Structure formats: C-alpha cells, structure tokens
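> Would you mind keeping the following structure in view while I ask a few things?
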Amino acid sequence: MRGLLLAGSQSEWLRRQATRRGFVRKAVSRFMPGESLDDALQASHGLARDGLSVILTHLGENVRDRSEVEAVVRHYREMIDRIQVEGLDAEVSIKLTQLGFDLSRELALDHASALVSYATRLPGRFWIDMEGSAYTEATIEAYRRLRAEHPRSGIAIQAYLKRSAADVEALIGYGAAIRLVKGAYQEPASIAFPSRPEVDARFLELAKRILTKEARARGAWLTAGTHDTRLISEIERHVDATGWPRDGLEFAMLYGIGRAEQVRLARAGCRVRVLISYGTHWFPWYMRRLAERPANVAFVLRNMFGG
Ligand code: FDA
C-alpha cells in the first residue's frame with residue numbers, strides 16, 4: 001500500500017483527478033488549514049494560543065519553469081514579511097526543487113541564499129527540507145554552502161537512509177541545526193532501512209548523537225520531527241537523564257497530526273513546532289501523508305461516501 005501510494009504521488013493523471021474531487025479536497029483539509037498564506041497565518045495564531053510555535057512551508061516541488069520559480073520566491077518573501085509584521089514565532093522551510101533545483105542548481109542556491117538572507121530579519125531558523133534520495137548529496141552540499149553564509153539555517157535528515165549516520169557526523173562537525181525525520185519517500189533497500197524497527201532504532205541513535213555534549217558544544221541543534229510517541233518518550237527520558245534542559249531541543253510535528261501530544265509536550269516545558277504546509281500544489285505531499293498511514297485512505301473513502 002505504501003509503495004502504491006508513493007508511486008501514485010508521481011502520477012500526473014491521478015493528480016488531475018484528485019485535485020478536481022471535492023471529497024479529496026475535504027480529506028486534505030485534515031492536514032492543511034487552507035490553501036492561502038492567510039489561512040496558514042490564522043492557524044499559526046491559533047496554535048500560538050496553545051504555546052505552539054510553527055514552521056511554514058508553501059507547497060510545491062520539482063518546479064521547472066523560471067517564472068514559476070520567481071513567483072515562489074516572491075511568495076516566500078511575502079511570507080517572511082507577514083511573519084515579522086504579525087510577530088509570530090514562525091520559521092520557514094523550503095524545498096530546493098521548488099526553487100528550480102532541477103533547472104539549475106546554481107539558480108536554486110542563489111534563490112535559497114537570497115531568501116535565507118531575507119529571513120534573517122526573523123529570529124528563527126530557515127530550514128531546507130530533504131527530498132528523495134536523488135537529491136540527498138546535492139542538498140547537503142547546497143546546505144553546506146548556504147550555512148557558510150547563514151549560520152541560522154538548518155537541514156532535514158532522514159533516519160531511513162543508511163548514509164545518514166555519516167551525514168549527521170559531518171553536519172555536527174560544523175554545528176548544524178538538524179531536523180531529524182524518519183523519511184517520507186520510496187527508497188530501495190540498497191540505500192534505506194526497509195523495516196520500521198530499524199528506522200526507529202536509527203532515529204533514536206541519531207537523535208542521541210546530536211544531543212551529545214560534544215555535538216552541542218559545536219553548536220549542533222536537534223529538532224526531532226516525529227509523531228511517534230514511543231520515540232518522543234525515549235528522547236524525553238534521555239534528555240532528563242543527561243540533565244540537558246528540556247528546551248535545549250525541539251519537537252516538530254505536522255499540522256493535523258498528534259495535536260494532544262503537541263500540547264502535552266508544550267505543557268511539559270518542551271519546545272514544540274507545528275509544520276504548516278499550505279498552497280494549491282498539495283497532491284504529492286498529500287499522497288506521502290496517506291502513505292505514512294494507509295489507514296488515512298479509509299478517511300478519504302469515508303469522505304467520498306459522505307459518512
Ligand atoms: P510513524 O510513521 O511511525 O508514525 C507514528 C504515529 O504518528 C502513527 O502511529 C500515527 O499515529 C501518527 N502518524 C504518522 N503519520 C501520520 C499521518 N500521515 N496521518 C495520521 N497519523 C500519522 N520527510 C522527509 O522525507 N523530508 C522532510 O523534510 C520532512 N520534514 C518533516 C518535518 C516534520 C516537522 C515532520 C513531523 C515530518 C517531516 N517529514 C519529512 C515526514 C517524515 O519523514 C515522516 O514521513 C512522518 O513524520 C511520519 O513518520 P513519524 O515519525 O510520525 O512515525
């Protein structure tokens with residue numbers, strides 16, 4: 001089921017069908033407060049009332065048209081302005097392929113650099129999402145260059161990739177902020193751990209590595225991007241046992257998932273960010289959300305039959 005849904009996320013035909021259907025749009029709204037920046041900002045204010053900060057991302061990937069890339073950049077600048085004006089504790093996350101990485105790596109890096117510069121008016125971090133494995137090496141290299149200019153930028157690292165232990169070591173070496181996630185794409189067993197227990201074990205190992213005294217002394221930062229309550233409890237226990245302050249790391253979850261856990265963590269003195277994705281290009285992203293929990297397909301079907 002997971003493989004089918006992830007393969008479906010690349011289908012143009014399915015995308016056209018899904019985006020036209022009201023019942024799919026209704027199901028998507030579970031994970032997205034709306035398609036506009038106003039919707040995302042309004043949701044951010046609501047979350048702030050519960051002590052939750054946010055990360056905002058405007059949906060889009062594999063953009064191959066220069067004028068579309070320019071529109072994306074303009075949108076992110078407007079997002080940054082609005083975050084500042086509205087005084088929100090909001091960070092920004094982008095995908096390099098949304099900035100034209102498939103068209104020209106230099107172009108995407110120039111745009112990312114200009115955006116991260118622009119975002120320095122905000123107190124928070126500027127994140128680079130990690131996409132499929134075809135982009136891993138290039139994304140880390142782009143991040144390395146970006147970070148040399150903008151130390152407040154961070155990168156997502158996927159625990160399911162076998163290479164991630166080495167990547168985390170290198171990133172710790174230059175004090176990077178790492179948003180550790182399990183990984184959301186379809187990857188072959190030659191490069192990714194195929195079983196859930198292996199991925200979970202690797203996630204915990206990497207999280208603990210980023211939280212070591214030595215890594216922290218170098219300036220490394222952990223944002224643990226997961227809804228897995230078992231992993232979250234293990235990390236909380238580890239932090240308490242090592243005497244590291246609870247606000248010396250951050251948990252991050254996706255909008256619409258694990259709300260009770262988000263509030264529980266915030267009340268327990270942890271930093272929590274909710275990643276809000278919004279926009280009209282939601283199809284491949286939504287298919288990845290379905291693939292993470294195939295039971296979500298039942299939710300779409302229930303919407304389809306109105307029940
Ligand atoms: P797991 O899949 O084991 O889920 C644990 C529990 O969480 C489930 O039992 C269920 O209760 C709940 N849950 C998880 N997913 C759900 C869903 N879709 N619907 C309903 N319930 C769900 N990936 C990537 O490749 N690159 C990236 O840059 C990012 N960025 C990112 C940022 C943040 C803040 C988060 C939280 C996640 C990402 N991801 C990501 C996605 C990540 O790789 C992963 O696919 C999801 O977080 C799901 O994995 P969990 O860690 O939640 O564990």
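By convention here, the chains of the structure tokens are called A, B, ... in the order presented, each chain's residues are numbered starting at 1, and ligands are numbered starting at 1 in the order presented.
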May I have the residues within 8 Å of ligand 1, computed using only C-alpha atoms and all ligand atoms, as a VMD selection string?
chain A and resid 55 95 128 to 132 155 to 158 179 to 185 196 200 224 to 229 251 to 254 256 to 258 273 to 275 288 to 293 295 to 296
> With only C-alpha atoms as the counted atoms, please give the residues lying no more than 9 Å from Val69 (chain A), apart from itself and same-chain residues fewer than 6 positions off, as a ChimeraX atom specification.
/A:63,98-100,108,111
> Based on DSSP run over this structure's backbone, return all residues of region 56-125 of chain A in helix (DSSP H, G or I), as a ChimeraX atom specification.
/A:66-85,96-99,105-121
> Write out, as a tab-separated table (two decimals), in the first residue's frame, the residues just selected, with N, CA and C atoms.

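Generated file (out_19.tsv):
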```tsv
chain	number	residue	atom	x	y	z
A	66	ARG	N	11.01	28.93	-14.98
A	66	ARG	CA	11.68	30.05	-14.30
A	66	ARG	C	10.70	31.06	-13.70
A	67	SER	N	9.62	31.36	-14.46
A	67	SER	CA	8.70	32.38	-13.94
A	67	SER	C	7.95	31.83	-12.72
A	68	GLU	N	7.71	30.51	-12.73
A	68	GLU	CA	7.05	29.91	-11.56
A	68	GLU	C	7.99	29.97	-10.35
A	69	VAL	N	9.29	29.71	-10.60
A	69	VAL	CA	10.27	29.78	-9.50
A	69	VAL	C	10.28	31.19	-8.92
A	70	GLU	N	10.24	32.19	-9.82
A	70	GLU	CA	10.26	33.58	-9.33
A	70	GLU	C	9.03	33.89	-8.49
A	71	ALA	N	7.88	33.32	-8.90
A	71	ALA	CA	6.64	33.53	-8.12
A	71	ALA	C	6.78	32.88	-6.74
A	72	VAL	N	7.43	31.71	-6.70
A	72	VAL	CA	7.64	31.02	-5.41
A	72	VAL	C	8.48	31.91	-4.49
A	73	VAL	N	9.56	32.46	-5.06
A	73	VAL	CA	10.46	33.31	-4.26
A	73	VAL	C	9.70	34.53	-3.73
A	74	ARG	N	8.89	35.15	-4.61
A	74	ARG	CA	8.10	36.33	-4.17
A	74	ARG	C	7.16	35.94	-3.03
A	75	HIS	N	6.58	34.74	-3.17
A	75	HIS	CA	5.65	34.28	-2.13
A	75	HIS	C	6.37	34.13	-0.79
A	76	TYR	N	7.56	33.53	-0.82
A	76	TYR	CA	8.29	33.34	0.44
A	76	TYR	C	8.69	34.69	1.06
A	77	ARG	N	9.03	35.66	0.22
A	77	ARG	CA	9.37	36.98	0.78
A	77	ARG	C	8.15	37.59	1.46
A	78	GLU	N	7.00	37.42	0.83
A	78	GLU	CA	5.77	37.95	1.44
A	78	GLU	C	5.49	37.21	2.76
A	79	MET	N	5.73	35.88	2.75
A	79	MET	CA	5.52	35.10	3.97
A	79	MET	C	6.40	35.65	5.10
A	80	ILE	N	7.67	35.90	4.79
A	80	ILE	CA	8.62	36.38	5.80
A	80	ILE	C	8.16	37.75	6.33
A	81	ASP	N	7.72	38.64	5.40
A	81	ASP	CA	7.23	39.96	5.82
A	81	ASP	C	6.04	39.82	6.76
A	82	ARG	N	5.11	38.94	6.40
A	82	ARG	CA	3.88	38.80	7.21
A	82	ARG	C	4.20	38.21	8.59
A	83	ILE	N	5.14	37.25	8.63
A	83	ILE	CA	5.53	36.66	9.92
A	83	ILE	C	6.07	37.77	10.82
A	84	GLN	N	6.90	38.64	10.22
A	84	GLN	CA	7.51	39.71	11.01
A	84	GLN	C	6.46	40.72	11.49
A	85	VAL	N	5.60	41.14	10.57
A	85	VAL	CA	4.59	42.14	10.92
A	85	VAL	C	3.65	41.60	12.00
A	96	LEU	N	14.43	22.62	-2.15
A	96	LEU	CA	15.28	23.18	-3.21
A	96	LEU	C	14.66	22.98	-4.59
A	97	THR	N	13.94	21.87	-4.79
A	97	THR	CA	13.36	21.66	-6.13
A	97	THR	C	12.21	22.64	-6.41
A	98	GLN	N	11.72	23.26	-5.35
A	98	GLN	CA	10.68	24.27	-5.52
A	98	GLN	C	11.31	25.58	-6.01
A	99	LEU	N	12.62	25.71	-5.77
A	99	LEU	CA	13.35	26.91	-6.19
A	99	LEU	C	14.10	26.67	-7.49
A	105	ARG	N	21.11	24.11	-10.51
A	105	ARG	CA	21.45	24.06	-9.08
A	105	ARG	C	21.91	25.43	-8.57
A	106	GLU	N	22.67	26.13	-9.44
A	106	GLU	CA	23.17	27.45	-9.02
A	106	GLU	C	22.02	28.42	-8.81
A	107	LEU	N	21.04	28.35	-9.73
A	107	LEU	CA	19.87	29.23	-9.63
A	107	LEU	C	19.14	28.98	-8.30
A	108	ALA	N	18.90	27.70	-8.00
A	108	ALA	CA	18.16	27.37	-6.77
A	108	ALA	C	18.95	27.82	-5.54
A	109	LEU	N	20.26	27.64	-5.60
A	109	LEU	CA	21.09	28.02	-4.46
A	109	LEU	C	21.11	29.55	-4.29
A	110	ASP	N	21.16	30.26	-5.42
A	110	ASP	CA	21.11	31.73	-5.34
A	110	ASP	C	19.80	32.18	-4.70
A	111	HIS	N	18.69	31.55	-5.13
A	111	HIS	CA	17.38	31.93	-4.55
A	111	HIS	C	17.35	31.57	-3.07
A	112	ALA	N	17.85	30.38	-2.72
A	112	ALA	CA	17.82	29.96	-1.32
A	112	ALA	C	18.65	30.91	-0.48
A	113	SER	N	19.81	31.32	-1.01
A	113	SER	CA	20.70	32.21	-0.28
A	113	SER	C	20.02	33.57	-0.07
A	114	ALA	N	19.36	34.07	-1.15
A	114	ALA	CA	18.68	35.37	-1.03
A	114	ALA	C	17.55	35.26	-0.01
A	115	LEU	N	16.83	34.15	-0.02
A	115	LEU	CA	15.71	34.00	0.92
A	115	LEU	C	16.20	33.88	2.35
A	116	VAL	N	17.25	33.09	2.54
A	116	VAL	CA	17.73	32.92	3.91
A	116	VAL	C	18.29	34.25	4.45
A	117	SER	N	18.89	35.04	3.57
A	117	SER	CA	19.35	36.39	3.95
A	117	SER	C	18.17	37.24	4.36
A	118	TYR	N	17.12	37.18	3.54
A	118	TYR	CA	15.92	37.97	3.81
A	118	TYR	C	15.29	37.53	5.14
A	119	ALA	N	15.38	36.22	5.41
A	119	ALA	CA	14.75	35.67	6.62
A	119	ALA	C	15.54	36.00	7.89
A	120	THR	N	16.74	36.59	7.75
A	120	THR	CA	17.50	36.90	8.97
A	120	THR	C	16.79	37.99	9.79
A	121	ARG	N	15.78	38.66	9.19
A	121	ARG	CA	15.00	39.63	9.98
A	121	ARG	C	14.11	38.92	11.00
```
> What's the 8 Å shell around region 26-39 of chain A, counting only C-alpha atoms, without same-chain residues fewer than 6 positions away, as an MDAnalysis selection string?
chainID A and resid 79 254:257 276:280 286 299:300 303
> Write the residues of the preceding selection, restricted to C-alpha atoms, as a compact mmCIF listing (two decimals), in the first residue's frame.

```
# COMPACT_ATOMS: atom_id res chain seq x y z
CA MET A 79 5.52 35.10 3.97
CA LEU A 254 2.82 18.13 11.12
CA TYR A 255 -0.35 20.19 11.30
CA GLY A 256 -3.34 17.93 11.95
CA ILE A 257 -1.33 15.06 13.46
CA ILE A 276 2.02 24.00 8.49
CA SER A 277 2.02 23.24 4.78
CA TYR A 278 -0.37 25.16 2.58
CA GLY A 279 -0.96 26.00 -1.06
CA THR A 280 -2.58 24.58 -4.14
CA TYR A 286 -0.83 14.61 0.47
CA PHE A 299 -10.70 8.52 5.89
CA VAL A 300 -10.75 9.62 2.22
CA ASN A 303 -15.46 11.42 2.91
```
> Could you tell me which of A:Glu214, A:His150, A:Ala138, A:Ile191 comes closest to Glu169 (chain A) if we count only C-alpha atoms?
A:Glu214
> With DSSP run on the backbone, what are the strand (DSSP E) residues within region 198-243 of chain A? I'd like them as a VMD selection string.
chain A and resid 221 to 225
> Output C-alpha atoms for every residue in the selection just made, as an mmCIF file, in the first residue's frame.

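Written output follows (out_30.cif):
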```cif
data_model
loop_
_atom_site.group_PDB
_atom_site.id
_atom_site.type_symbol
_atom_site.label_atom_id
_atom_site.label_comp_id
_atom_site.auth_asym_id
_atom_site.auth_seq_id
_atom_site.Cartn_x
_atom_site.Cartn_y
_atom_site.Cartn_z
ATOM 1 C CA TRP A 221 20.821 21.513 17.282
ATOM 2 C CA LEU A 222 18.175 18.791 17.236
ATOM 3 C CA THR A 223 14.652 19.294 16.009
ATOM 4 C CA ALA A 224 13.045 15.853 16.321
ATOM 5 C CA GLY A 225 10.393 15.729 13.578
#
```
> Have a look at CA of Leu5 (chain A) and CA of Met287 (chain A) and let me know their distance in Å, one decimal.
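Distance reported for this atom pair: 6.0 Å.
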> Can you tell me which residues surround Asp247 (chain A) at a distance of at most 9 Å, considering only C-alpha atoms, apart from same-chain residues fewer than 3 positions away, and format the answer as a PyMOL selection string?
chain A and resi 244+250+269-271
> Include C-alpha atoms and write out the residues we just selected as a PDB file, in the first residue's frame.

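Okay, result.pdb is ready:
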```pdb
ATOM      1  CA  TRP A 244      20.130  18.668  29.380  1.00  0.00           C
ATOM      2  CA  GLU A 250      12.734  20.893  19.861  1.00  0.00           C
ATOM      3  CA  GLY A 269       8.247  22.577  29.142  1.00  0.00           C
ATOM      4  CA  CYS A 270       9.444  21.327  25.747  1.00  0.00           C
ATOM      5  CA  ARG A 271       9.722  23.460  22.644  1.00  0.00           C
TER       6      ARG A 271
END
```
> Between A:Ile232, A:Ala220, A:Ala241, A:Val297, which one has atoms that come closest to Glu261 (chain A), using only C-alpha atoms?
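Between A:Ile232, A:Ala220, A:Ala241, A:Val297, the residue approaching Glu261 (chain A) most closely is A:Ile232.
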> Quick one: everything within 8 Å of Lys162 (chain A), counting only C-alpha atoms, minus sequence neighbours fewer than 3 positions away in the same chain. Send it as a count of residues only.
5
> Any idea what the distance is between CA of Thr212 (chain A) and CA of Pro194 (chain A)?
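Separating CA of Thr212 (chain A) from CA of Pro194 (chain A) is a distance of 27.1 Å.
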> Write out as a PyMOL selection string the residues lying within 8 Å of region 170-172 of chain A, counting only C-alpha atoms and excluding same-chain residues fewer than 5 positions away.
chain A and resi 178+210+215+218-220
> Output N, CA, C and O atoms for every residue in the selection just made, as a short mmCIF file (atom, residue, chain, number, x, y, z; two decimals), in the first residue's frame.

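The resulting file, part.cif, is shown below:
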```cif
data_model
loop_
_atom_site.label_atom_id
_atom_site.label_comp_id
_atom_site.auth_asym_id
_atom_site.auth_seq_id
_atom_site.Cartn_x
_atom_site.Cartn_y
_atom_site.Cartn_z
N ILE A 178 19.81 20.31 12.83
CA ILE A 178 19.33 19.14 12.09
C ILE A 178 17.89 18.84 12.47
O ILE A 178 17.58 18.67 13.65
N ILE A 210 23.15 13.62 18.25
CA ILE A 210 23.09 15.09 18.10
C ILE A 210 23.00 15.76 19.47
O ILE A 210 23.39 16.91 19.64
N ALA A 215 28.62 17.26 20.50
CA ALA A 215 27.88 17.84 19.36
C ALA A 215 27.30 19.19 19.74
O ALA A 215 27.36 20.16 18.96
N ARG A 218 29.64 22.00 19.74
CA ARG A 218 29.96 22.52 18.40
C ARG A 218 28.83 23.38 17.84
O ARG A 218 28.92 23.90 16.74
N GLY A 219 27.70 23.42 18.58
CA GLY A 219 26.58 24.25 18.13
C GLY A 219 25.48 23.45 17.43
O GLY A 219 24.53 24.04 16.90
N ALA A 220 25.61 22.11 17.40
CA ALA A 220 24.58 21.32 16.71
C ALA A 220 23.25 21.44 17.46
O ALA A 220 23.23 21.60 18.68
#
```
> Could you give me, as JSON, numbers by chain, the residues within 12 Å of Ala134 (chain A), counting only C-alpha atoms and dropping anything in the same chain fewer than 6 positions from it?
{"A": [97, 101, 102, 140, 161, 185, 186, 187, 188, 191]}
> Rounded to one decimal in Å, what is the spacing between CA of Glu91 (chain A) and CA of Ser164 (chain A)?
23.8 Å
> Using only C-alpha atoms, can you tell me which of A:Leu204, A:Leu88, A:Met1, A:Tyr160 comes closest to Leu52 (chain A)?
A:Leu88
